[in-house]
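Heads up: the structure comes next, in structure tokens.
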Amino acid sequence: MSTTVGQVIRCKAAVAWEAGKPLVMEEVDVAPPQKMEVRLKILYTSLCHTDVYFWEAKGQNPVFPRILGHEAAGIVESVGEGVTELAPGDHVLPVFTGECKDCAHCKSEESNMCSLLRINTDRGVMINDGQSRFSINGKPIYHFVGTSTFSEYTVVHVGCVAKINPLAPLDKVCALSCGISTGLGATLNVAKPTKGSSVAIFGLGAVGLAAAEGARIAGASRIIGVDLNASRFEQAKKFGVTEFVNPKDYSKPVQEVIAEMTDGGVDRSVECTGHIDAMISAFECVHDGWGVAVLVGVPHKEAVLKTHPMNFLNERTLKGTFFGNYKPRSDIPSVVEKYMNKELELEKFITHTLPFAEINKAFDLMLKGEGLRCIITMDH
């Protein structure tokens with residue numbers, strides 16, 4: 001590895017040149033890491049819906065040309081000035097949000113929303129100098145959420161890198177760098193269901209199934225899956241889901257259906273769709289006196305949540321979460337250990353694998369709603 005330290009690395013990257021157009025395999029130059037940055041050799045990356053959303057660029061500022069990708073695993077190739085806690089050869093997960101360890105959020109036990117490094121989807125450059133580390137023929141190619149993992153090498157701020165157990169299989173734990181941790185933490189860290197309790201999960205995509213997995217790990221006795229797509233129900237059983245509700249099968253609101261099934265409501269609910277109706281149902285379906293609903297899904301910009309204040313006064317709680325309330329550097333290594341000690345199962349989330357050259361097929365699979373996670377193998 002030492003031959004590349006301090007040098008520009010030329011490697012393959014999948015570049016999004018414009019919105020909604022297939023990614024193009026290009027030779028890109030990756031500059032060495034600057035102050036408080038690390039350069040990573042990406043070994044595995046996977047596609048998450050957020051990549052597709054920003055590739056389509058329908059609802060936000062389009063930033064192109066750009067290297068997308070943020071769910072990944074790799075090895076540190078070199079470190080920039082001031083980096084002491086990582087060294088070449090370390091096994092790591094890059095994360096789309098960060099932990100500087102100095103700001104008020106990082107010093108708070110309750111928050112993971114780092115002031116310096118929290119997700120910024122508009123920024124296409126590094127914080128240190130406002131420049132991109134990627135270029136083609138001297139022209140900048142922009143970064144995405146500080147990670148840009150659809151490249152054989154990438155440069156990331158040290159605060160966005162979780163150092164993990166070197167024995168962990170990177171082709172499995174790469175799924176923990178975004179979606180799986182988000183759903184799992186929403187249940188384990190925020191909803192906190194007790195053993196024997198009931199939990200409703202709205203939306204049975206990868207994040208929702210990770211939330212269900214959290215409820216299974218916590219020992220919930222009833223895990224009710226809610227989804228408009230009945231074909232997701234069979235698969236969800238592997239993640240601990242015990243019952244299914246398809247809102248399309250009923251003439252009344254789904255929260256009333258769930259309240260009847262559970263003698264007044266579930267103990268906890270986790271909303272993983274981002275649709276406003278599902279958010280209201282998730283809140284209104286929890287039991288009065290102790291019910292807690294947790295919102296995970298990201299709504300569209302104009303969304304407004306309406307519910308009667310009596311729902312709160314009757315002692316229901318509504319909470320939100322970001323990245324499962326995990327601090328990337330402090331907490332993600334322990335989530336990897338949950339997998340290593342067989343408490344958390346990851347294999348069942350991985351439904352497809354593809355070589356890097358076929359990355360556009362992963363976009364097709366996600367657009368068709370097929371499978372959960374597609375792991376893309378970098379062909380170094």
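Following the order of the structure tokens, chains are lettered A, B, ..., residues in each are numbered from 1, and ligands are numbered from 1.
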Close residues, region 30-40 of chain A itself excluded, 10 Å, only C-alpha atoms, min 5 positions apart in chain, as a PDB file with N, CA, C and O atoms, in the first residue's frame:
ATOM      1  N   THR A   4       1.482   4.140  -2.736  1.00  0.00           N
ATOM      2  CA  THR A   4       0.496   5.136  -3.175  1.00  0.00           C
ATOM      3  C   THR A   4       0.368   6.314  -2.211  1.00  0.00           C
ATOM      4  O   THR A   4      -0.262   7.314  -2.541  1.00  0.00           O
ATOM      5  N   VAL A   5       0.966   6.202  -1.018  1.00  0.00           N
ATOM      6  CA  VAL A   5       0.823   7.262  -0.019  1.00  0.00           C
ATOM      7  C   VAL A   5       1.340   8.589  -0.573  1.00  0.00           C
ATOM      8  O   VAL A   5       2.433   8.657  -1.132  1.00  0.00           O
ATOM      9  N   GLY A   6       0.508   9.629  -0.428  1.00  0.00           N
ATOM     10  CA  GLY A   6       0.909  10.956  -0.893  1.00  0.00           C
ATOM     11  C   GLY A   6       0.801  11.154  -2.392  1.00  0.00           C
ATOM     12  O   GLY A   6       1.067  12.245  -2.898  1.00  0.00           O
ATOM     13  N   GLN A   7       0.416  10.101  -3.116  1.00  0.00           N
ATOM     14  CA  GLN A   7       0.288  10.180  -4.581  1.00  0.00           C
ATOM     15  C   GLN A   7      -1.185  10.271  -4.976  1.00  0.00           C
ATOM     16  O   GLN A   7      -2.069   9.826  -4.250  1.00  0.00           O
ATOM     17  N   VAL A   8      -1.417  10.797  -6.165  1.00  0.00           N
ATOM     18  CA  VAL A   8      -2.753  10.715  -6.753  1.00  0.00           C
ATOM     19  C   VAL A   8      -2.955   9.265  -7.199  1.00  0.00           C
ATOM     20  O   VAL A   8      -2.048   8.655  -7.756  1.00  0.00           O
ATOM     21  N   ILE A   9      -4.112   8.700  -6.901  1.00  0.00           N
ATOM     22  CA  ILE A   9      -4.429   7.335  -7.353  1.00  0.00           C
ATOM     23  C   ILE A   9      -5.424   7.435  -8.511  1.00  0.00           C
ATOM     24  O   ILE A   9      -6.445   8.121  -8.392  1.00  0.00           O
ATOM     25  N   ARG A  10      -5.110   6.753  -9.589  1.00  0.00           N
ATOM     26  CA  ARG A  10      -6.069   6.679 -10.703  1.00  0.00           C
ATOM     27  C   ARG A  10      -6.786   5.340 -10.585  1.00  0.00           C
ATOM     28  O   ARG A  10      -6.155   4.294 -10.471  1.00  0.00           O
ATOM     29  N   CYS A  11      -8.110   5.385 -10.576  1.00  0.00           N
ATOM     30  CA  CYS A  11      -8.886   4.155 -10.397  1.00  0.00           C
ATOM     31  C   CYS A  11     -10.231   4.269 -11.090  1.00  0.00           C
ATOM     32  O   CYS A  11     -10.577   5.311 -11.647  1.00  0.00           O
ATOM     33  N   LYS A  12     -10.991   3.180 -11.022  1.00  0.00           N
ATOM     34  CA  LYS A  12     -12.320   3.152 -11.635  1.00  0.00           C
ATOM     35  C   LYS A  12     -13.365   3.721 -10.667  1.00  0.00           C
ATOM     36  O   LYS A  12     -13.333   3.444  -9.467  1.00  0.00           O
ATOM     37  N   ALA A  13     -14.281   4.490 -11.217  1.00  0.00           N
ATOM     38  CA  ALA A  13     -15.420   4.985 -10.438  1.00  0.00           C
ATOM     39  C   ALA A  13     -16.633   5.027 -11.361  1.00  0.00           C
ATOM     40  O   ALA A  13     -16.505   5.187 -12.574  1.00  0.00           O
ATOM     41  N   ALA A  73     -17.879  -0.740   2.751  1.00  0.00           N
ATOM     42  CA  ALA A  73     -16.847  -1.205   3.683  1.00  0.00           C
ATOM     43  C   ALA A  73     -15.526  -1.231   2.944  1.00  0.00           C
ATOM     44  O   ALA A  73     -15.476  -1.498   1.741  1.00  0.00           O
ATOM     45  N   GLY A  74     -14.460  -0.943   3.669  1.00  0.00           N
ATOM     46  CA  GLY A  74     -13.156  -0.935   3.011  1.00  0.00           C
ATOM     47  C   GLY A  74     -12.013  -0.916   4.005  1.00  0.00           C
ATOM     48  O   GLY A  74     -12.177  -1.234   5.184  1.00  0.00           O
ATOM     49  N   ILE A  75     -10.849  -0.536   3.478  1.00  0.00           N
ATOM     50  CA  ILE A  75      -9.608  -0.542   4.255  1.00  0.00           C
ATOM     51  C   ILE A  75      -8.939   0.812   4.080  1.00  0.00           C
ATOM     52  O   ILE A  75      -8.954   1.385   2.983  1.00  0.00           O
ATOM     53  N   VAL A  76      -8.363   1.335   5.162  1.00  0.00           N
ATOM     54  CA  VAL A  76      -7.658   2.620   5.080  1.00  0.00           C
ATOM     55  C   VAL A  76      -6.395   2.444   4.233  1.00  0.00           C
ATOM     56  O   VAL A  76      -5.565   1.576   4.509  1.00  0.00           O
ATOM     57  N   GLU A  77      -6.257   3.274   3.193  1.00  0.00           N
ATOM     58  CA  GLU A  77      -5.047   3.250   2.354  1.00  0.00           C
ATOM     59  C   GLU A  77      -4.008   4.222   2.900  1.00  0.00           C
ATOM     60  O   GLU A  77      -2.827   3.901   2.997  1.00  0.00           O
ATOM     61  N   SER A  78      -4.447   5.429   3.258  1.00  0.00           N
ATOM     62  CA  SER A  78      -3.512   6.408   3.839  1.00  0.00           C
ATOM     63  C   SER A  78      -4.314   7.420   4.647  1.00  0.00           C
ATOM     64  O   SER A  78      -5.537   7.534   4.490  1.00  0.00           O
ATOM     65  N   VAL A  79      -3.607   8.148   5.512  1.00  0.00           N
ATOM     66  CA  VAL A  79      -4.277   9.140   6.366  1.00  0.00           C
ATOM     67  C   VAL A  79      -3.619  10.497   6.179  1.00  0.00           C
ATOM     68  O   VAL A  79      -2.432  10.601   5.889  1.00  0.00           O
ATOM     69  N   GLY A  80      -4.444  11.547   6.341  1.00  0.00           N
ATOM     70  CA  GLY A  80      -3.938  12.909   6.216  1.00  0.00           C
ATOM     71  C   GLY A  80      -3.410  13.434   7.543  1.00  0.00           C
ATOM     72  O   GLY A  80      -3.468  12.758   8.579  1.00  0.00           O
ATOM     73  N   GLU A  81      -2.937  14.652   7.490  1.00  0.00           N
ATOM     74  CA  GLU A  81      -2.379  15.337   8.662  1.00  0.00           C
ATOM     75  C   GLU A  81      -3.389  15.371   9.816  1.00  0.00           C
ATOM     76  O   GLU A  81      -4.588  15.596   9.598  1.00  0.00           O
ATOM     77  N   GLY A  82      -2.901  15.107  11.027  1.00  0.00           N
ATOM     78  CA  GLY A  82      -3.755  15.220  12.213  1.00  0.00           C
ATOM     79  C   GLY A  82      -4.570  13.992  12.542  1.00  0.00           C
ATOM     80  O   GLY A  82      -5.239  13.944  13.568  1.00  0.00           O
ATOM     81  N   VAL A  83      -4.540  12.975  11.670  1.00  0.00           N
ATOM     82  CA  VAL A  83      -5.326  11.762  11.926  1.00  0.00           C
ATOM     83  C   VAL A  83      -4.498  10.816  12.800  1.00  0.00           C
ATOM     84  O   VAL A  83      -3.434  10.355  12.386  1.00  0.00           O
ATOM     85  N   THR A  84      -5.002  10.541  14.009  1.00  0.00           N
ATOM     86  CA  THR A  84      -4.242   9.691  14.942  1.00  0.00           C
ATOM     87  C   THR A  84      -4.944   8.371  15.232  1.00  0.00           C
ATOM     88  O   THR A  84      -4.298   7.391  15.584  1.00  0.00           O
ATOM     89  N   LEU A  86      -6.746   6.405  13.217  1.00  0.00           N
ATOM     90  CA  LEU A  86      -6.820   5.432  12.125  1.00  0.00           C
ATOM     91  C   LEU A  86      -5.447   5.292  11.484  1.00  0.00           C
ATOM     92  O   LEU A  86      -4.682   6.262  11.440  1.00  0.00           O
ATOM     93  N   ALA A  87      -5.163   4.098  10.975  1.00  0.00           N
ATOM     94  CA  ALA A  87      -3.873   3.848  10.326  1.00  0.00           C
ATOM     95  C   ALA A  87      -4.099   3.005   9.078  1.00  0.00           C
ATOM     96  O   ALA A  87      -5.105   2.290   8.978  1.00  0.00           O
ATOM     97  N   PRO A  88      -3.184   3.065   8.114  1.00  0.00           N
ATOM     98  CA  PRO A  88      -3.318   2.227   6.919  1.00  0.00           C
ATOM     99  C   PRO A  88      -3.522   0.767   7.303  1.00  0.00           C
ATOM    100  O   PRO A  88      -2.886   0.263   8.235  1.00  0.00           O
ATOM    101  N   GLY A  89      -4.471   0.110   6.608  1.00  0.00           N
ATOM    102  CA  GLY A  89      -4.764  -1.290   6.892  1.00  0.00           C
ATOM    103  C   GLY A  89      -5.969  -1.503   7.802  1.00  0.00           C
ATOM    104  O   GLY A  89      -6.504  -2.607   7.873  1.00  0.00           O
ATOM    105  N   ASP A  90      -6.409  -0.456   8.516  1.00  0.00           N
ATOM    106  CA  ASP A  90      -7.587  -0.601   9.382  1.00  0.00           C
ATOM    107  C   ASP A  90      -8.821  -0.935   8.546  1.00  0.00           C
ATOM    108  O   ASP A  90      -9.005  -0.387   7.443  1.00  0.00           O
ATOM    109  N   HIS A  91      -9.663  -1.790   9.086  1.00  0.00           N
ATOM    110  CA  HIS A  91     -10.946  -2.123   8.452  1.00  0.00           C
ATOM    111  C   HIS A  91     -11.988  -1.130   8.929  1.00  0.00           C
ATOM    112  O   HIS A  91     -12.122  -0.905  10.142  1.00  0.00           O
ATOM    113  N   VAL A  92     -12.735  -0.570   7.986  1.00  0.00           N
ATOM    114  CA  VAL A  92     -13.634   0.536   8.334  1.00  0.00           C
ATOM    115  C   VAL A  92     -14.950   0.501   7.564  1.00  0.00           C
ATOM    116  O   VAL A  92     -15.047  -0.106   6.486  1.00  0.00           O
ATOM    117  N   LEU A  93     -15.923   1.199   8.134  1.00  0.00           N
ATOM    118  CA  LEU A  93     -17.168   1.504   7.440  1.00  0.00           C
ATOM    119  C   LEU A  93     -17.251   3.024   7.323  1.00  0.00           C
ATOM    120  O   LEU A  93     -17.206   3.726   8.337  1.00  0.00           O
ATOM    121  N   PRO A  94     -17.343   3.554   6.102  1.00  0.00           N
ATOM    122  CA  PRO A  94     -17.601   4.995   5.962  1.00  0.00           C
ATOM    123  C   PRO A  94     -19.079   5.251   6.266  1.00  0.00           C
ATOM    124  O   PRO A  94     -19.921   4.383   6.012  1.00  0.00           O
ATOM    125  N   MET A 126     -15.062  18.717  -0.025  1.00  0.00           N
ATOM    126  CA  MET A 126     -14.575  18.423   1.321  1.00  0.00           C
ATOM    127  C   MET A 126     -14.633  19.679   2.186  1.00  0.00           C
ATOM    128  O   MET A 126     -14.448  20.798   1.686  1.00  0.00           O
ATOM    129  N   ILE A 127     -14.871  19.485   3.479  1.00  0.00           N
ATOM    130  CA  ILE A 127     -15.009  20.615   4.404  1.00  0.00           C
ATOM    131  C   ILE A 127     -13.698  21.390   4.543  1.00  0.00           C
ATOM    132  O   ILE A 127     -13.692  22.614   4.630  1.00  0.00           O
ATOM    133  N   ASN A 128     -12.585  20.690   4.574  1.00  0.00           N
ATOM    134  CA  ASN A 128     -11.288  21.302   4.873  1.00  0.00           C
ATOM    135  C   ASN A 128     -10.943  22.477   3.954  1.00  0.00           C
ATOM    136  O   ASN A 128     -10.546  23.530   4.420  1.00  0.00           O
ATOM    137  N   ASP A 129     -11.124  22.285   2.641  1.00  0.00           N
ATOM    138  CA  ASP A 129     -10.704  23.340   1.709  1.00  0.00           C
ATOM    139  C   ASP A 129     -11.746  23.683   0.643  1.00  0.00           C
ATOM    140  O   ASP A 129     -11.474  24.452  -0.277  1.00  0.00           O
ATOM    141  N   SER A 132     -13.008  19.326  -4.282  1.00  0.00           N
ATOM    142  CA  SER A 132     -13.260  17.893  -4.449  1.00  0.00           C
ATOM    143  C   SER A 132     -11.926  17.162  -4.506  1.00  0.00           C
ATOM    144  O   SER A 132     -10.921  17.725  -4.934  1.00  0.00           O
ATOM    145  N   ARG A 133     -11.912  15.902  -4.075  1.00  0.00           N
ATOM    146  CA  ARG A 133     -10.701  15.078  -4.185  1.00  0.00           C
ATOM    147  C   ARG A 133     -10.741  14.225  -5.464  1.00  0.00           C
ATOM    148  O   ARG A 133      -9.807  13.493  -5.745  1.00  0.00           O
ATOM    149  N   PHE A 134     -11.852  14.280  -6.192  1.00  0.00           N
ATOM    150  CA  PHE A 134     -11.994  13.511  -7.433  1.00  0.00           C
ATOM    151  C   PHE A 134     -11.877  14.427  -8.639  1.00  0.00           C
ATOM    152  O   PHE A 134     -12.434  15.533  -8.636  1.00  0.00           O
ATOM    153  N   SER A 135     -11.206  13.944  -9.670  1.00  0.00           N
ATOM    154  CA  SER A 135     -11.180  14.726 -10.912  1.00  0.00           C
ATOM    155  C   SER A 135     -10.985  13.808 -12.113  1.00  0.00           C
ATOM    156  O   SER A 135     -10.476  12.685 -11.984  1.00  0.00           O
ATOM    157  N   ILE A 136     -11.418  14.295 -13.266  1.00  0.00           N
ATOM    158  CA  ILE A 136     -11.150  13.642 -14.549  1.00  0.00           C
ATOM    159  C   ILE A 136     -10.579  14.724 -15.458  1.00  0.00           C
ATOM    160  O   ILE A 136     -11.217  15.761 -15.661  1.00  0.00           O
ATOM    161  N   ILE A 141     -15.015  16.189 -10.054  1.00  0.00           N
ATOM    162  CA  ILE A 141     -16.206  15.344  -9.979  1.00  0.00           C
ATOM    163  C   ILE A 141     -16.638  15.442  -8.505  1.00  0.00           C
ATOM    164  O   ILE A 141     -15.797  15.283  -7.617  1.00  0.00           O
ATOM    165  N   THR A 147     -19.051  10.617   1.333  1.00  0.00           N
ATOM    166  CA  THR A 147     -18.567   9.236   1.245  1.00  0.00           C
ATOM    167  C   THR A 147     -18.165   8.816  -0.166  1.00  0.00           C
ATOM    168  O   THR A 147     -17.057   8.331  -0.363  1.00  0.00           O
ATOM    169  N   THR A 149     -18.851   6.230  -2.381  1.00  0.00           N
ATOM    170  CA  THR A 149     -18.267   4.883  -2.353  1.00  0.00           C
ATOM    171  C   THR A 149     -18.368   4.124  -3.674  1.00  0.00           C
ATOM    172  O   THR A 149     -17.878   3.002  -3.762  1.00  0.00           O
ATOM    173  N   SER A 151     -16.609   4.173  -6.025  1.00  0.00           N
ATOM    174  CA  SER A 151     -15.272   4.402  -6.557  1.00  0.00           C
ATOM    175  C   SER A 151     -14.340   3.432  -5.841  1.00  0.00           C
ATOM    176  O   SER A 151     -14.552   3.118  -4.671  1.00  0.00           O
ATOM    177  N   GLU A 152     -13.313   2.952  -6.550  1.00  0.00           N
ATOM    178  CA  GLU A 152     -12.390   1.994  -5.927  1.00  0.00           C
ATOM    179  C   GLU A 152     -11.619   2.617  -4.770  1.00  0.00           C
ATOM    180  O   GLU A 152     -11.234   1.933  -3.818  1.00  0.00           O
ATOM    181  N   TYR A 153     -11.400   3.940  -4.855  1.00  0.00           N
ATOM    182  CA  TYR A 153     -10.803   4.691  -3.742  1.00  0.00           C
ATOM    183  C   TYR A 153     -11.635   5.941  -3.512  1.00  0.00           C
ATOM    184  O   TYR A 153     -12.188   6.510  -4.456  1.00  0.00           O
ATOM    185  N   THR A 154     -11.730   6.370  -2.258  1.00  0.00           N
ATOM    186  CA  THR A 154     -12.452   7.600  -1.945  1.00  0.00           C
ATOM    187  C   THR A 154     -11.758   8.289  -0.787  1.00  0.00           C
ATOM    188  O   THR A 154     -10.973   7.671  -0.061  1.00  0.00           O
ATOM    189  N   VAL A 155     -12.040   9.575  -0.622  1.00  0.00           N
ATOM    190  CA  VAL A 155     -11.474  10.342   0.491  1.00  0.00           C
ATOM    191  C   VAL A 155     -12.625  10.820   1.371  1.00  0.00           C
ATOM    192  O   VAL A 155     -13.618  11.371   0.871  1.00  0.00           O
ATOM    193  N   VAL A 156     -12.484  10.572   2.685  1.00  0.00           N
ATOM    194  CA  VAL A 156     -13.552  10.812   3.649  1.00  0.00           C
ATOM    195  C   VAL A 156     -12.982  11.530   4.870  1.00  0.00           C
ATOM    196  O   VAL A 156     -11.828  11.286   5.246  1.00  0.00           O
ATOM    197  N   HIS A 157     -13.775  12.393   5.487  1.00  0.00           N
ATOM    198  CA  HIS A 157     -13.354  13.030   6.736  1.00  0.00           C
ATOM    199  C   HIS A 157     -13.217  11.950   7.812  1.00  0.00           C
ATOM    200  O   HIS A 157     -14.036  11.034   7.893  1.00  0.00           O
ATOM    201  N   VAL A 158     -12.195  12.053   8.640  1.00  0.00           N
ATOM    202  CA  VAL A 158     -11.929  11.021   9.648  1.00  0.00           C
ATOM    203  C   VAL A 158     -13.130  10.798  10.575  1.00  0.00           C
ATOM    204  O   VAL A 158     -13.370   9.687  11.058  1.00  0.00           O
ATOM    205  N   GLY A 159     -13.919  11.852  10.793  1.00  0.00           N
ATOM    206  CA  GLY A 159     -15.081  11.742  11.677  1.00  0.00           C
ATOM    207  C   GLY A 159     -16.229  10.941  11.096  1.00  0.00           C
ATOM    208  O   GLY A 159     -17.218  10.663  11.790  1.00  0.00           O
ATOM    209  N   CYS A 160     -16.125  10.576   9.811  1.00  0.00           N
ATOM    210  CA  CYS A 160     -17.181   9.801   9.140  1.00  0.00           C
ATOM    211  C   CYS A 160     -16.740   8.361   8.893  1.00  0.00           C
ATOM    212  O   CYS A 160     -17.256   7.684   7.996  1.00  0.00           O
ATOM    213  N   VAL A 161     -15.783   7.892   9.677  1.00  0.00           N
ATOM    214  CA  VAL A 161     -15.222   6.560   9.467  1.00  0.00           C
ATOM    215  C   VAL A 161     -15.262   5.776  10.782  1.00  0.00           C
ATOM    216  O   VAL A 161     -14.688   6.208  11.781  1.00  0.00           O
TER     217      VAL A 161
END
Self-check item: Neighbour list for region 335-340 of chain A as number ranges by chain, cut-off 12 Å, only C-alpha atoms, skip fewer than 6 positions in-chain
Solution: A: 73, 91-93, 162-170, 172-178, 180-182, 184-185, 188-189, 213-214, 217, 324, 326-329, 346-347
Please write the residues from the selection above to a file, keeping N, CA, C and O atoms, as a short mmCIF file (atom, residue, chain, number, x, y, z; two decimals), in the first residue's frame.
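again-v3.cif, freshly written:
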data_model
loop_
_atom_site.label_atom_id
_atom_site.label_comp_id
_atom_site.auth_asym_id
_atom_site.auth_seq_id
_atom_site.Cartn_x
_atom_site.Cartn_y
_atom_site.Cartn_z
N ALA A 73 -17.88 -0.74 2.75
CA ALA A 73 -16.85 -1.20 3.68
C ALA A 73 -15.53 -1.23 2.94
O ALA A 73 -15.48 -1.50 1.74
N HIS A 91 -9.66 -1.79 9.09
CA HIS A 91 -10.95 -2.12 8.45
C HIS A 91 -11.99 -1.13 8.93
O HIS A 91 -12.12 -0.90 10.14
N VAL A 92 -12.73 -0.57 7.99
CA VAL A 92 -13.63 0.54 8.33
C VAL A 92 -14.95 0.50 7.56
O VAL A 92 -15.05 -0.11 6.49
N LEU A 93 -15.92 1.20 8.13
CA LEU A 93 -17.17 1.50 7.44
C LEU A 93 -17.25 3.02 7.32
O LEU A 93 -17.21 3.73 8.34
N ALA A 162 -15.95 4.64 10.76
CA ALA A 162 -16.01 3.77 11.94
C ALA A 162 -14.99 2.65 11.78
O ALA A 162 -15.05 1.89 10.81
N LYS A 163 -14.06 2.56 12.72
CA LYS A 163 -13.07 1.48 12.71
C LYS A 163 -13.70 0.25 13.35
O LYS A 163 -14.21 0.32 14.47
N ILE A 164 -13.66 -0.87 12.61
CA ILE A 164 -14.37 -2.06 13.09
C ILE A 164 -13.44 -3.26 13.25
O ILE A 164 -12.29 -3.23 12.81
N ASN A 165 -13.98 -4.29 13.86
CA ASN A 165 -13.28 -5.56 14.06
C ASN A 165 -12.73 -6.08 12.73
O ASN A 165 -13.49 -6.32 11.79
N PRO A 166 -11.41 -6.28 12.62
CA PRO A 166 -10.83 -6.74 11.34
C PRO A 166 -11.27 -8.14 10.95
O PRO A 166 -11.08 -8.55 9.80
N LEU A 167 -11.86 -8.89 11.89
CA LEU A 167 -12.33 -10.25 11.56
C LEU A 167 -13.73 -10.24 10.93
O LEU A 167 -14.19 -11.25 10.41
N ALA A 168 -14.42 -9.10 10.99
CA ALA A 168 -15.79 -9.03 10.46
C ALA A 168 -15.76 -9.11 8.93
O ALA A 168 -14.95 -8.43 8.29
N PRO A 169 -16.61 -9.95 8.32
CA PRO A 169 -16.65 -10.04 6.85
C PRO A 169 -17.19 -8.75 6.24
O PRO A 169 -18.35 -8.39 6.47
N LEU A 170 -16.37 -8.05 5.48
CA LEU A 170 -16.75 -6.73 4.97
C LEU A 170 -17.92 -6.80 4.00
O LEU A 170 -18.69 -5.85 3.88
N LYS A 172 -20.53 -8.44 4.34
CA LYS A 172 -21.79 -8.49 5.10
C LYS A 172 -22.00 -7.18 5.88
O LYS A 172 -23.04 -6.55 5.79
N VAL A 173 -20.95 -6.78 6.64
CA VAL A 173 -21.13 -5.63 7.53
C VAL A 173 -21.22 -4.30 6.78
O VAL A 173 -21.61 -3.29 7.37
N CYS A 174 -20.91 -4.29 5.48
CA CYS A 174 -21.05 -3.03 4.75
C CYS A 174 -22.50 -2.55 4.80
O CYS A 174 -22.76 -1.35 4.78
N ALA A 175 -23.45 -3.47 4.95
CA ALA A 175 -24.87 -3.08 5.04
C ALA A 175 -25.19 -2.32 6.32
O ALA A 175 -26.26 -1.71 6.44
N LEU A 176 -24.26 -2.34 7.29
CA LEU A 176 -24.49 -1.62 8.55
C LEU A 176 -24.11 -0.15 8.46
O LEU A 176 -24.36 0.61 9.38
N SER A 177 -23.50 0.27 7.35
CA SER A 177 -23.05 1.66 7.32
C SER A 177 -24.18 2.64 7.02
O SER A 177 -23.99 3.84 7.08
N CYS A 178 -25.40 2.12 6.74
CA CYS A 178 -26.53 3.04 6.57
C CYS A 178 -27.84 2.40 7.00
O CYS A 178 -28.22 2.45 8.14
N ILE A 180 -29.40 -0.61 7.53
CA ILE A 180 -29.70 -1.61 8.56
C ILE A 180 -29.54 -1.00 9.95
O ILE A 180 -30.38 -1.20 10.82
N SER A 181 -28.48 -0.21 10.14
CA SER A 181 -28.28 0.44 11.44
C SER A 181 -29.41 1.43 11.74
O SER A 181 -29.85 1.56 12.89
N THR A 182 -29.88 2.11 10.71
CA THR A 182 -30.97 3.09 10.88
C THR A 182 -32.22 2.42 11.44
O THR A 182 -32.81 2.89 12.43
N LEU A 184 -32.51 -0.74 12.77
CA LEU A 184 -32.21 -1.46 14.01
C LEU A 184 -32.18 -0.51 15.20
O LEU A 184 -32.79 -0.77 16.25
N GLY A 185 -31.46 0.61 15.04
CA GLY A 185 -31.34 1.57 16.13
C GLY A 185 -32.65 2.27 16.45
O GLY A 185 -32.90 2.63 17.61
N LEU A 188 -34.12 -0.43 18.77
CA LEU A 188 -33.37 -0.73 20.00
C LEU A 188 -33.02 0.51 20.82
O LEU A 188 -33.03 0.47 22.04
N ASN A 189 -32.71 1.62 20.16
CA ASN A 189 -32.26 2.81 20.88
C ASN A 189 -33.35 3.82 21.17
O ASN A 189 -33.21 4.64 22.07
N GLU A 213 -36.17 -6.62 12.90
CA GLU A 213 -35.07 -7.41 13.46
C GLU A 213 -34.73 -6.90 14.87
O GLU A 213 -34.47 -7.69 15.78
N GLY A 214 -34.76 -5.58 15.04
CA GLY A 214 -34.53 -4.99 16.36
C GLY A 214 -35.58 -5.45 17.37
O GLY A 214 -35.26 -5.77 18.51
N ILE A 217 -34.86 -9.03 18.28
CA ILE A 217 -33.73 -9.10 19.21
C ILE A 217 -34.19 -8.69 20.62
O ILE A 217 -33.75 -9.26 21.62
N GLY A 324 -30.71 5.87 13.45
CA GLY A 324 -30.92 4.97 14.58
C GLY A 324 -30.35 5.47 15.89
O GLY A 324 -30.14 4.69 16.83
N TYR A 326 -27.44 6.19 16.49
CA TYR A 326 -26.07 5.72 16.68
C TYR A 326 -25.08 6.85 16.37
O TYR A 326 -25.23 7.53 15.35
N LYS A 327 -24.06 7.00 17.22
CA LYS A 327 -22.93 7.88 16.90
C LYS A 327 -22.00 7.03 16.03
O LYS A 327 -21.61 5.93 16.46
N PRO A 328 -21.64 7.49 14.83
CA PRO A 328 -20.92 6.61 13.90
C PRO A 328 -19.65 5.98 14.45
O PRO A 328 -19.47 4.76 14.37
N ARG A 329 -18.76 6.78 15.02
CA ARG A 329 -17.49 6.21 15.45
C ARG A 329 -17.61 5.47 16.78
O ARG A 329 -16.95 4.45 17.00
N LEU A 346 -27.37 -10.74 9.39
CA LEU A 346 -27.26 -9.82 8.25
C LEU A 346 -27.48 -10.50 6.91
O LEU A 346 -27.94 -9.87 5.96
N GLU A 347 -27.15 -11.80 6.85
CA GLU A 347 -27.22 -12.50 5.55
C GLU A 347 -28.59 -12.36 4.89
O GLU A 347 -28.68 -12.21 3.67
#
Quiz prompt | Proximity to Gly240 (chain A) - best of A:Val257, A:Ala212, A:Leu313, A:Ala72, only C-alpha atoms | solution = A:Ala212
Quiz item: Can you tell me how far CA of Thr97 (chain A) sits from CA of Val296 (chain A), in Å to one decimal?
Solution: 15.4 Å
Exercise. Enumerate as JSON, numbers by chain all residues of region 9-241 of chain A assigned to helix (DSSP H, G or I) by DSSP on the backbone, naming them with the chain letters and numbers the document uses.
Key: {"A": [49, 50, 51, 52, 53, 54, 55, 56, 104, 105, 106, 107, 158, 159, 160, 170, 171, 172, 173, 174, 175, 176, 177, 179, 180, 181, 182, 183, 184, 185, 186, 187, 188, 189, 190, 191, 206, 207, 208, 209, 210, 211, 212, 213, 214, 215, 216, 217, 218, 230, 231, 232, 233, 234, 235, 236, 237, 238, 239]}
Quiz item: Skipping near chain neighbours, those fewer than 6 positions away, what residues fall within 9 Å of Phe349 (chain A) using only C-alpha atoms, listed as a count of residues only?
Solution: 9
Self-check item: Residues of region 102-261 of chain A in strand (DSSP E or B), written as a PyMOL selection string
Solution: chain A and resi 134-136+139-142+151+153-157+161-163+198-202+222-226+243-245
